[in-house]
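Dropping query_1.csv in here (CSV, C-alpha atoms and all ligand atoms):
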```csv
chain,number,residue,atom,x,y,z
A,1,ARG,CA,4.3,3.7,21.4
A,2,GLY,CA,2.6,6.0,18.9
A,3,ALA,CA,-0.4,8.4,19.3
A,4,ALA,CA,-2.8,5.5,18.9
A,5,SER,CA,-1.8,4.1,22.3
A,6,LYS,CA,-1.8,7.5,24.1
A,7,GLY,CA,-5.5,7.8,24.6
A,8,PHE,CA,-7.0,7.5,21.1
A,9,ALA,CA,-7.0,3.7,21.2
A,10,ASN,CA,-10.8,3.5,21.6
A,11,MET,CA,-11.6,5.4,18.5
A,12,ALA,CA,-8.7,4.2,16.4
A,13,GLN,CA,-9.3,1.7,13.6
A,14,LYS,CA,-7.1,-1.3,13.9
A,15,ILE,CA,-5.2,-2.0,10.7
A,16,ILE,CA,-2.5,-4.4,9.4
A,17,ILE,CA,-0.5,-3.2,6.5
A,18,ASP,CA,0.6,-5.8,4.0
A,19,THR,CA,3.5,-4.3,2.0
A,20,ASP,CA,6.5,-4.7,-0.2
A,21,PRO,CA,8.5,-1.5,0.6
A,22,GLY,CA,9.2,0.4,-1.9
A,23,GLN,CA,9.5,4.2,-1.3
A,24,ASP,CA,5.7,4.8,-1.7
A,25,ASP,CA,5.0,1.9,0.7
A,26,ALA,CA,7.4,3.6,3.1
A,27,VAL,CA,5.5,6.9,3.0
A,28,ALA,CA,2.2,4.9,3.5
A,29,ILE,CA,3.6,3.2,6.6
A,30,LEU,CA,4.9,6.5,8.0
A,31,LEU,CA,1.5,8.1,7.4
A,32,ALA,CA,-0.2,5.3,9.3
A,33,LEU,CA,2.2,5.6,12.2
A,34,ALA,CA,1.7,9.4,12.4
A,35,SER,CA,-2.1,9.1,12.5
A,36,PRO,CA,-4.1,8.8,15.7
A,37,GLU,CA,-7.1,7.6,13.8
A,38,LEU,CA,-5.3,4.3,13.1
A,39,ASP,CA,-3.9,1.6,15.4
A,40,LEU,CA,-1.3,-0.2,13.3
A,41,LEU,CA,-1.1,-3.8,14.7
A,42,GLY,CA,1.8,-4.8,12.5
A,43,LEU,CA,3.3,-5.1,9.1
A,44,THR,CA,3.2,-8.2,7.0
A,45,ILE,CA,5.8,-8.3,4.3
A,46,VAL,CA,5.6,-9.7,0.8
A,47,ALA,CA,8.0,-10.0,-2.1
A,48,GLY,CA,7.2,-7.4,-4.9
A,49,ASN,CA,9.1,-4.3,-5.7
A,50,VAL,CA,12.2,-6.2,-4.7
A,51,PRO,CA,12.8,-9.7,-3.3
A,52,LEU,CA,11.5,-10.6,0.2
A,53,ASP,CA,14.9,-10.2,2.0
A,54,ARG,CA,15.0,-6.6,0.8
A,55,THR,CA,11.4,-5.7,1.4
A,56,LEU,CA,11.8,-7.1,4.9
A,57,GLN,CA,14.9,-5.2,5.7
A,58,ASN,CA,13.3,-2.0,4.2
A,59,ALA,CA,10.3,-2.4,6.5
A,60,LEU,CA,12.6,-2.6,9.6
A,61,THR,CA,14.5,0.5,8.4
A,62,ILE,CA,11.2,2.4,8.1
A,63,CYS,CA,10.1,1.4,11.6
A,64,GLU,CA,13.5,2.5,13.0
A,65,LEU,CA,13.3,5.8,11.1
A,66,ALA,CA,9.9,6.4,12.8
A,67,ARG,CA,11.3,5.3,16.2
A,68,ARG,CA,9.0,2.4,16.3
A,69,PRO,CA,11.3,-0.7,16.8
A,70,ASP,CA,8.5,-2.3,18.8
A,71,LEU,CA,6.2,-2.7,15.8
A,72,PRO,CA,5.7,-6.4,14.8
A,73,VAL,CA,7.1,-6.9,11.3
A,74,HIS,CA,6.4,-10.4,9.9
A,75,ALA,CA,8.1,-11.9,6.9
A,76,GLY,CA,5.6,-13.5,4.4
A,77,CYS,CA,5.6,-15.1,1.0
A,78,ASP,CA,8.7,-14.8,-1.2
A,79,ARG,CA,7.0,-15.5,-4.5
A,80,PRO,CA,3.6,-15.3,-6.2
A,81,LEU,CA,1.1,-18.2,-6.1
A,82,ARG,CA,2.1,-19.2,-9.7
A,83,GLY,CA,5.2,-18.5,-11.7
A,84,ALA,CA,8.3,-16.5,-11.0
A,85,LEU,CA,8.5,-13.2,-9.0
A,86,VAL,CA,8.5,-10.0,-11.1
A,87,THR,CA,10.3,-7.1,-9.4
A,88,ALA,CA,10.7,-3.4,-10.1
A,89,GLU,CA,14.3,-2.4,-9.3
A,90,HIS,CA,14.2,-0.1,-12.4
A,91,VAL,CA,11.7,2.0,-10.5
A,92,HIS,CA,12.7,1.7,-6.9
A,93,GLY,CA,16.5,1.1,-7.2
A,94,ALA,CA,18.5,-2.0,-6.2
A,95,SER,CA,17.5,-1.8,-2.6
A,96,GLY,CA,13.9,-1.0,-3.2
A,97,LEU,CA,14.4,2.1,-1.0
A,98,ASP,CA,17.1,4.0,-2.9
A,99,GLY,CA,17.3,7.8,-2.5
A,100,ILE,CA,19.0,8.2,0.9
A,101,GLU,CA,21.5,6.2,2.9
A,102,LEU,CA,19.9,5.0,6.2
A,103,PRO,CA,21.4,3.0,9.0
A,104,VAL,CA,21.2,-0.8,8.8
A,105,PRO,CA,18.3,-1.7,11.1
A,106,ARG,CA,19.1,-3.3,14.4
A,107,MET,CA,15.5,-4.5,15.2
A,108,LEU,CA,14.6,-8.0,14.2
A,109,PRO,CA,11.6,-9.3,12.4
A,110,ALA,CA,8.9,-10.7,14.7
A,111,PRO,CA,8.8,-14.5,15.0
A,112,GLY,CA,6.2,-16.3,12.9
A,113,HIS,CA,5.2,-16.2,9.3
A,114,ALA,CA,3.1,-13.2,8.1
A,115,VAL,CA,0.3,-15.5,7.0
A,116,ASP,CA,0.0,-17.0,10.5
A,117,PHE,CA,0.0,-13.5,12.0
A,118,LEU,CA,-2.9,-12.5,9.7
A,119,VAL,CA,-4.9,-15.7,10.5
A,120,GLU,CA,-4.2,-15.6,14.3
A,121,THR,CA,-4.9,-11.8,14.6
A,122,LEU,CA,-8.1,-11.9,12.6
A,123,ARG,CA,-9.4,-14.9,14.6
A,124,ARG,CA,-8.4,-13.3,18.0
A,125,GLU,CA,-9.8,-9.8,17.5
A,126,PRO,CA,-13.5,-9.2,17.3
A,127,ALA,CA,-15.0,-9.9,13.9
A,128,GLY,CA,-15.2,-6.7,11.8
A,129,SER,CA,-12.6,-4.8,13.8
A,130,ILE,CA,-9.6,-5.1,11.6
A,131,THR,CA,-8.9,-3.4,8.2
A,132,LEU,CA,-6.3,-4.9,6.0
A,133,VAL,CA,-4.4,-2.3,4.0
A,134,ALA,CA,-2.7,-4.1,1.1
A,135,ILE,CA,-0.2,-2.1,-0.9
A,136,GLY,CA,1.8,-4.9,-2.6
A,137,PRO,CA,1.0,-8.1,-4.5
A,138,LEU,CA,-1.8,-9.9,-2.7
A,139,THR,CA,0.0,-13.2,-2.1
A,140,ASN,CA,0.0,-13.1,1.7
A,141,LEU,CA,-3.7,-12.2,1.9
A,142,ALA,CA,-4.7,-14.8,-0.6
A,143,THR,CA,-2.7,-17.5,1.2
A,144,ALA,CA,-4.2,-16.6,4.5
A,145,PHE,CA,-7.8,-16.6,3.1
A,146,GLU,CA,-7.1,-20.0,1.5
A,147,ARG,CA,-5.7,-21.5,4.7
A,148,ALA,CA,-8.4,-20.1,6.9
A,149,PRO,CA,-11.6,-19.5,4.9
A,150,ASP,CA,-13.4,-18.2,8.0
A,151,ILE,CA,-11.3,-15.0,8.2
A,152,ALA,CA,-12.7,-13.3,5.0
A,153,ALA,CA,-15.9,-12.7,6.9
A,154,ARG,CA,-14.0,-11.4,10.0
A,155,VAL,CA,-12.2,-8.6,8.0
A,156,ALA,CA,-13.7,-5.1,8.4
A,157,ARG,CA,-12.6,-4.3,4.9
A,158,ILE,CA,-9.6,-4.6,2.6
A,159,VAL,CA,-8.2,-1.3,1.3
A,160,LEU,CA,-5.8,-2.0,-1.6
A,161,MET,CA,-3.7,-0.1,-4.0
A,162,GLY,CA,-3.8,-1.9,-7.3
A,163,GLY,CA,-5.3,-2.1,-10.7
A,164,ALA,CA,-6.5,0.5,-13.1
A,165,TRP,CA,-9.4,1.3,-15.5
A,166,SER,CA,-8.8,4.4,-17.6
A,167,GLU,CA,-5.1,4.5,-16.9
A,168,LEU,CA,-4.6,0.8,-17.7
A,169,GLY,CA,-1.2,-0.8,-17.1
A,170,ASN,CA,2.1,0.5,-15.8
A,171,VAL,CA,3.9,-2.8,-16.2
A,172,THR,CA,2.2,-4.3,-19.3
A,173,PRO,CA,-0.2,-2.4,-21.5
A,174,ALA,CA,-3.0,-4.0,-19.5
A,175,ALA,CA,-1.8,-4.6,-16.0
A,176,GLU,CA,-0.8,-2.6,-12.9
A,177,PHE,CA,2.2,-3.9,-11.0
A,178,ASN,CA,0.6,-5.2,-7.8
A,179,ILE,CA,-2.0,-7.2,-9.7
A,180,HIS,CA,0.5,-8.2,-12.5
A,181,VAL,CA,2.9,-9.8,-10.0
A,182,ASP,CA,0.2,-12.2,-8.6
A,183,PRO,CA,-3.0,-12.2,-10.6
A,184,GLU,CA,-4.2,-15.5,-9.0
A,185,ALA,CA,-3.9,-14.0,-5.6
A,186,ALA,CA,-5.8,-10.9,-6.7
A,187,ALA,CA,-8.5,-13.0,-8.3
A,188,ARG,CA,-9.0,-14.9,-5.0
A,189,ILE,CA,-9.3,-11.6,-3.0
A,190,PHE,CA,-11.8,-10.1,-5.4
A,191,ALA,CA,-13.9,-13.3,-5.2
A,192,SER,CA,-13.6,-13.5,-1.4
A,193,GLY,CA,-16.7,-11.6,-0.5
A,194,ALA,CA,-14.8,-9.3,1.8
A,195,GLU,CA,-15.6,-5.6,1.5
A,196,ILE,CA,-12.9,-4.1,-0.8
A,197,VAL,CA,-11.8,-0.5,-1.5
A,198,VAL,CA,-9.6,-0.1,-4.6
A,199,LEU,CA,-7.1,2.7,-5.1
A,200,PRO,CA,-6.1,2.2,-8.7
A,201,LEU,CA,-3.7,4.1,-11.0
A,202,ASP,CA,-6.7,6.2,-12.1
A,203,ALA,CA,-6.6,7.9,-8.7
A,204,THR,CA,-3.0,7.4,-7.6
A,205,HIS,CA,-1.6,9.0,-10.8
A,206,LYS,CA,-3.3,12.2,-9.5
A,207,ALA,CA,-1.4,12.0,-6.2
A,208,LEU,CA,1.7,13.7,-7.7
A,209,THR,CA,4.3,15.3,-5.4
A,210,SER,CA,5.1,19.0,-6.2
A,211,ARG,CA,8.4,20.8,-5.9
A,212,ASP,CA,7.0,23.0,-3.1
A,213,CYS,CA,5.7,20.1,-1.1
A,214,THR,CA,9.0,18.2,-1.4
A,215,ALA,CA,11.0,21.3,-0.4
A,216,THR,CA,8.9,21.8,2.7
A,217,MET,CA,9.2,18.2,3.7
A,218,ARG,CA,13.0,18.2,3.3
A,219,GLU,CA,13.2,20.8,6.1
A,220,THR,CA,11.1,19.1,8.8
A,221,GLY,CA,13.8,16.6,10.1
A,222,PRO,CA,15.0,13.1,9.4
A,223,VAL,CA,11.6,11.7,8.4
A,224,GLY,CA,10.8,14.6,6.0
A,225,ARG,CA,14.3,14.4,4.6
A,226,ALA,CA,14.0,10.7,3.9
A,227,VAL,CA,10.5,11.1,2.3
A,228,ALA,CA,11.8,14.0,0.1
A,229,SER,CA,14.8,12.0,-1.0
A,230,TRP,CA,12.7,8.9,-1.8
A,231,THR,CA,10.1,10.7,-3.9
A,232,SER,CA,12.8,12.7,-5.7
A,233,PHE,CA,14.5,9.4,-6.5
A,234,TYR,CA,11.6,7.6,-8.1
A,235,GLU,CA,10.1,10.8,-9.7
A,236,ARG,CA,12.9,10.5,-12.3
A,237,PHE,CA,11.4,7.2,-13.5
A,238,ASP,CA,7.9,8.5,-13.8
A,239,GLN,CA,9.1,11.7,-15.4
A,240,ALA,CA,10.9,9.9,-18.1
A,241,LYS,CA,8.0,7.5,-18.7
A,242,TYR,CA,5.0,9.8,-18.6
A,243,GLY,CA,6.7,13.2,-19.3
A,244,ARG,CA,5.1,14.9,-16.3
A,245,GLU,CA,6.6,16.3,-13.1
A,246,GLY,CA,6.0,14.8,-9.7
A,247,ALA,CA,6.2,11.3,-8.1
A,248,PRO,CA,2.9,9.4,-7.7
A,249,LEU,CA,2.3,8.5,-4.1
A,250,HIS,CA,0.3,5.4,-4.9
A,251,ASP,CA,0.4,3.5,-1.6
A,252,PRO,CA,-0.2,6.4,0.8
A,253,CYS,CA,-3.6,6.9,-0.9
A,254,ALA,CA,-4.8,3.6,0.6
A,255,VAL,CA,-3.9,4.8,4.1
A,256,ALA,CA,-5.2,8.4,3.5
A,257,TRP,CA,-8.6,6.9,2.3
A,258,LEU,CA,-9.0,5.5,5.8
A,259,ILE,CA,-8.2,8.8,7.5
A,260,GLN,CA,-10.0,11.2,5.2
A,261,PRO,CA,-12.3,9.3,2.8
A,262,GLU,CA,-13.9,12.6,1.8
A,263,LEU,CA,-10.7,13.4,-0.2
A,264,PHE,CA,-11.6,10.6,-2.6
A,265,SER,CA,-14.5,9.7,-4.9
A,266,GLY,CA,-15.5,6.6,-6.8
A,267,HIS,CA,-18.3,4.0,-7.4
A,268,ARG,CA,-19.2,0.6,-6.3
A,269,VAL,CA,-18.5,-1.7,-9.3
A,270,ASN,CA,-17.7,-5.2,-10.2
A,271,VAL,CA,-14.0,-5.9,-10.7
A,272,GLU,CA,-12.8,-9.2,-12.1
A,273,ILE,CA,-9.1,-10.2,-12.5
A,274,GLU,CA,-7.9,-11.6,-15.9
A,275,THR,CA,-5.6,-14.5,-15.1
A,276,GLU,CA,-5.5,-16.1,-18.6
A,277,GLY,CA,-5.3,-13.4,-21.4
A,278,ARG,CA,-2.2,-13.6,-23.6
A,279,PHE,CA,-1.9,-9.9,-23.5
A,280,THR,CA,-4.1,-9.0,-20.6
A,281,ARG,CA,-3.0,-11.3,-17.7
A,282,GLY,CA,-3.2,-9.2,-14.5
A,283,MET,CA,-5.8,-6.8,-15.9
A,284,THR,CA,-8.5,-5.5,-13.6
A,285,VAL,CA,-11.7,-5.8,-15.7
A,286,VAL,CA,-13.8,-3.0,-14.2
A,287,ASP,CA,-17.5,-2.8,-15.1
A,288,TRP,CA,-17.6,1.0,-14.6
A,289,TRP,CA,-20.7,1.5,-16.7
A,290,ALA,CA,-22.5,-1.5,-15.3
A,291,VAL,CA,-22.9,-3.2,-18.6
A,292,THR,CA,-23.0,-6.7,-17.0
A,293,ASP,CA,-25.2,-8.0,-14.3
A,294,ARG,CA,-22.2,-9.1,-12.3
A,295,PRO,CA,-22.7,-8.0,-8.7
A,296,SER,CA,-20.5,-5.2,-7.4
A,297,ASN,CA,-17.6,-6.4,-5.2
A,298,ALA,CA,-15.6,-3.2,-4.7
A,299,LEU,CA,-15.6,0.5,-4.2
A,300,PHE,CA,-13.4,1.7,-7.0
A,301,ILE,CA,-11.8,5.2,-6.5
A,302,ARG,CA,-11.1,7.3,-9.5
A,303,ASP,CA,-10.5,10.8,-8.2
A,304,LEU,CA,-8.9,12.6,-5.3
A,305,ASP,CA,-8.3,16.1,-3.9
A,306,ARG,CA,-4.6,16.4,-4.4
A,307,ASP,CA,-4.1,19.6,-2.3
A,308,GLY,CA,-6.1,18.0,0.6
A,309,LEU,CA,-4.1,14.8,0.3
A,310,PHE,CA,-0.7,16.7,0.5
A,311,ARG,CA,-1.9,18.8,3.4
A,312,LEU,CA,-2.7,15.7,5.3
A,313,LEU,CA,0.5,14.0,4.4
A,314,SER,CA,2.8,16.9,5.1
A,315,THR,CA,1.2,17.7,8.5
A,316,ARG,CA,1.2,14.1,9.6
A,317,LEU,CA,4.8,13.4,8.5
A,318,ALA,CA,6.0,16.6,10.1
A,319,SER,CA,4.5,15.4,13.4
A,320,LEU,CA,6.7,12.4,13.3
A,321,ASP,CA,9.7,14.7,13.2
A,322,ARG,CA,8.3,16.9,16.0
A,323,ASN,CA,7.6,14.0,18.5
A,324,PRO,CA,10.5,13.4,20.8
A,325,ALA,CA,12.0,9.9,20.8
A,326,PRO,CA,10.2,7.7,23.4
B,1,LIG,C1,2.4,-0.1,-7.0
B,1,LIG,O1,3.5,-0.8,-7.4
B,1,LIG,C2,4.6,-0.6,-6.6
B,1,LIG,O2,5.7,-0.3,-7.4
B,1,LIG,C3,4.2,0.6,-5.7
B,1,LIG,O3,4.8,0.4,-4.5
B,1,LIG,C4,2.7,0.5,-5.7
B,1,LIG,O4,2.3,-0.4,-4.7
B,1,LIG,C5,2.0,0.9,-8.1
B,1,LIG,O5,1.7,0.3,-9.3
B,2,CA,CA,3.8,-1.2,-2.9
```
If you took the structure in this file and wrote it as structure tokens, what would it be?
Ligand code: BDR
Ligand code: CA
Amino acid sequence: RGAASKGFANMAQKIIIDTDPGQDDAVAILLALASPELDLLGLTIVAGNVPLDRTLQNALTICELARRPDLPVHAGCDRPLRGALVTAEHVHGASGLDGIELPVPRMLPAPGHAVDFLVETLRREPAGSITLVAIGPLTNLATAFERAPDIAARVARIVLMGGAWSELGNVTPAAEFNIHVDPEAAARIFASGAEIVVLPLDATHKALTSRDCTATMRETGPVGRAVASWTSFYERFDQAKYGREGAPLHDPCAVAWLIQPELFSGHRVNVEIETEGRFTRGMTVVDWWAVTDRPSNALFIRDLDRDGLFRLLSTRLASLDRNPAP
């Protein structure tokens, strides 16, 4: 098992990552596995960047790359609460994890649906002890909260990558991908009363890889090589779209916030999810200037220390390549 079980368990924060891997999801999962501050209880998988069968297979591939075939990986919802699934092969490639050829995973998914795993784990562990890190569409979380309304109050907090304020949409002019795929689920989560930390595009578009950082990672070993290949793959898409160098490491920001929150800054605000708008469905309506009297329901991050973030990432990911196989 990872560092969290080798003596740090008492101080480690227990987390579950809900994810749709995705290259940046992969980096987020690896960062969590490399960090003794976090005790990763399992992955719950959702359809998003690619359909569920692919996101599930990618999650297993990532666990094997990190030499963690023991980590429970539960398949979850294969479509949003309403309407058809929207995917992003144009960004992430047909597999969702294009960029490097990795062995077909031998480990199997854990038995039981992701939603059941979320409900059972949150009910079993002490209230307030588990943080949910949500880095895909929020379908699994919303389904769990609907099925078991008591669990919202048992969550320590939800740290999610999604939405935008000043950077607005990356899929439609108004909506960011994770919220766009399942606005109804997002609306339920933001109305749930759980403590929420949001890592929106405003922040994650500042978490851009650099040539130096990618070159250094490529040399550390199999994990570093995979990460460098993944980020180089999807950098092309962002470069063509935004005309700037570097791949935005959206999802790792959510994990990094838990490890070093001092790298980030934001405000507590009210966030509502637009589920109806003809042009704005999936938009996060952020009351940044407090112009309404709607109560705050989230800490909304807008800035980060890019150098600090990449120092954290490269040291932690390199440690996965240094640790001998168990
Ligand atoms: C989000 O959408 C996905 O493509 C990424 O994995 C990230 O979670 C960014 O909008
Ligand atoms: Ca994701």
Using all atoms listed in the file, what residues lie at most 10 Å away from (-2.5, -3.1, -11.5) (file coordinates), given as a PyMOL selection string? chain A and resi 137+161-165+167-172+174-183+186+199-201+273+282-284
Contacts with ligand LIG 1 (chain B) at most 6 Å, only C-alpha atoms and all ligand atoms counted, listed as JSON, numbers by chain: {"A": [22, 24, 25, 49, 135, 136, 176, 177, 178, 250, 251]}
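Of the listed residues A:Ala153, A:Ile259, A:Leu97, A:Val227, the one whose atoms come nearest to Arg123 in chain A is A:Ala153, with distances taken using all atoms listed in the file.
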What are the centre and the three edge lengths of an axis-aligned box that wraps all atoms of range 261-267 of chain A in the file, given that 8 Å is added to every side, written as JSON and rounded to one decimal in Å?
```
{"center_x": -14.5, "center_y": 8.7, "center_z": -2.3, "size_x": 23.6, "size_y": 25.4, "size_z": 26.2}
```
From the options A:Gly48, A:Pro149, A:Gly112, A:Gly128, which residue's atoms come nearest to ligand CA 2 (chain B), counting all atoms listed in the file?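 The closest residue to ligand CA 2 (chain B) is A:Gly48.
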Counting all atoms listed in the file, what is within 8 Å of range 100-110 of chain A, bar same-chain residues fewer than 4 positions away, as a PyMOL selection string? chain A and resi 56-57+60-61+64+69+72-75+226+229-230
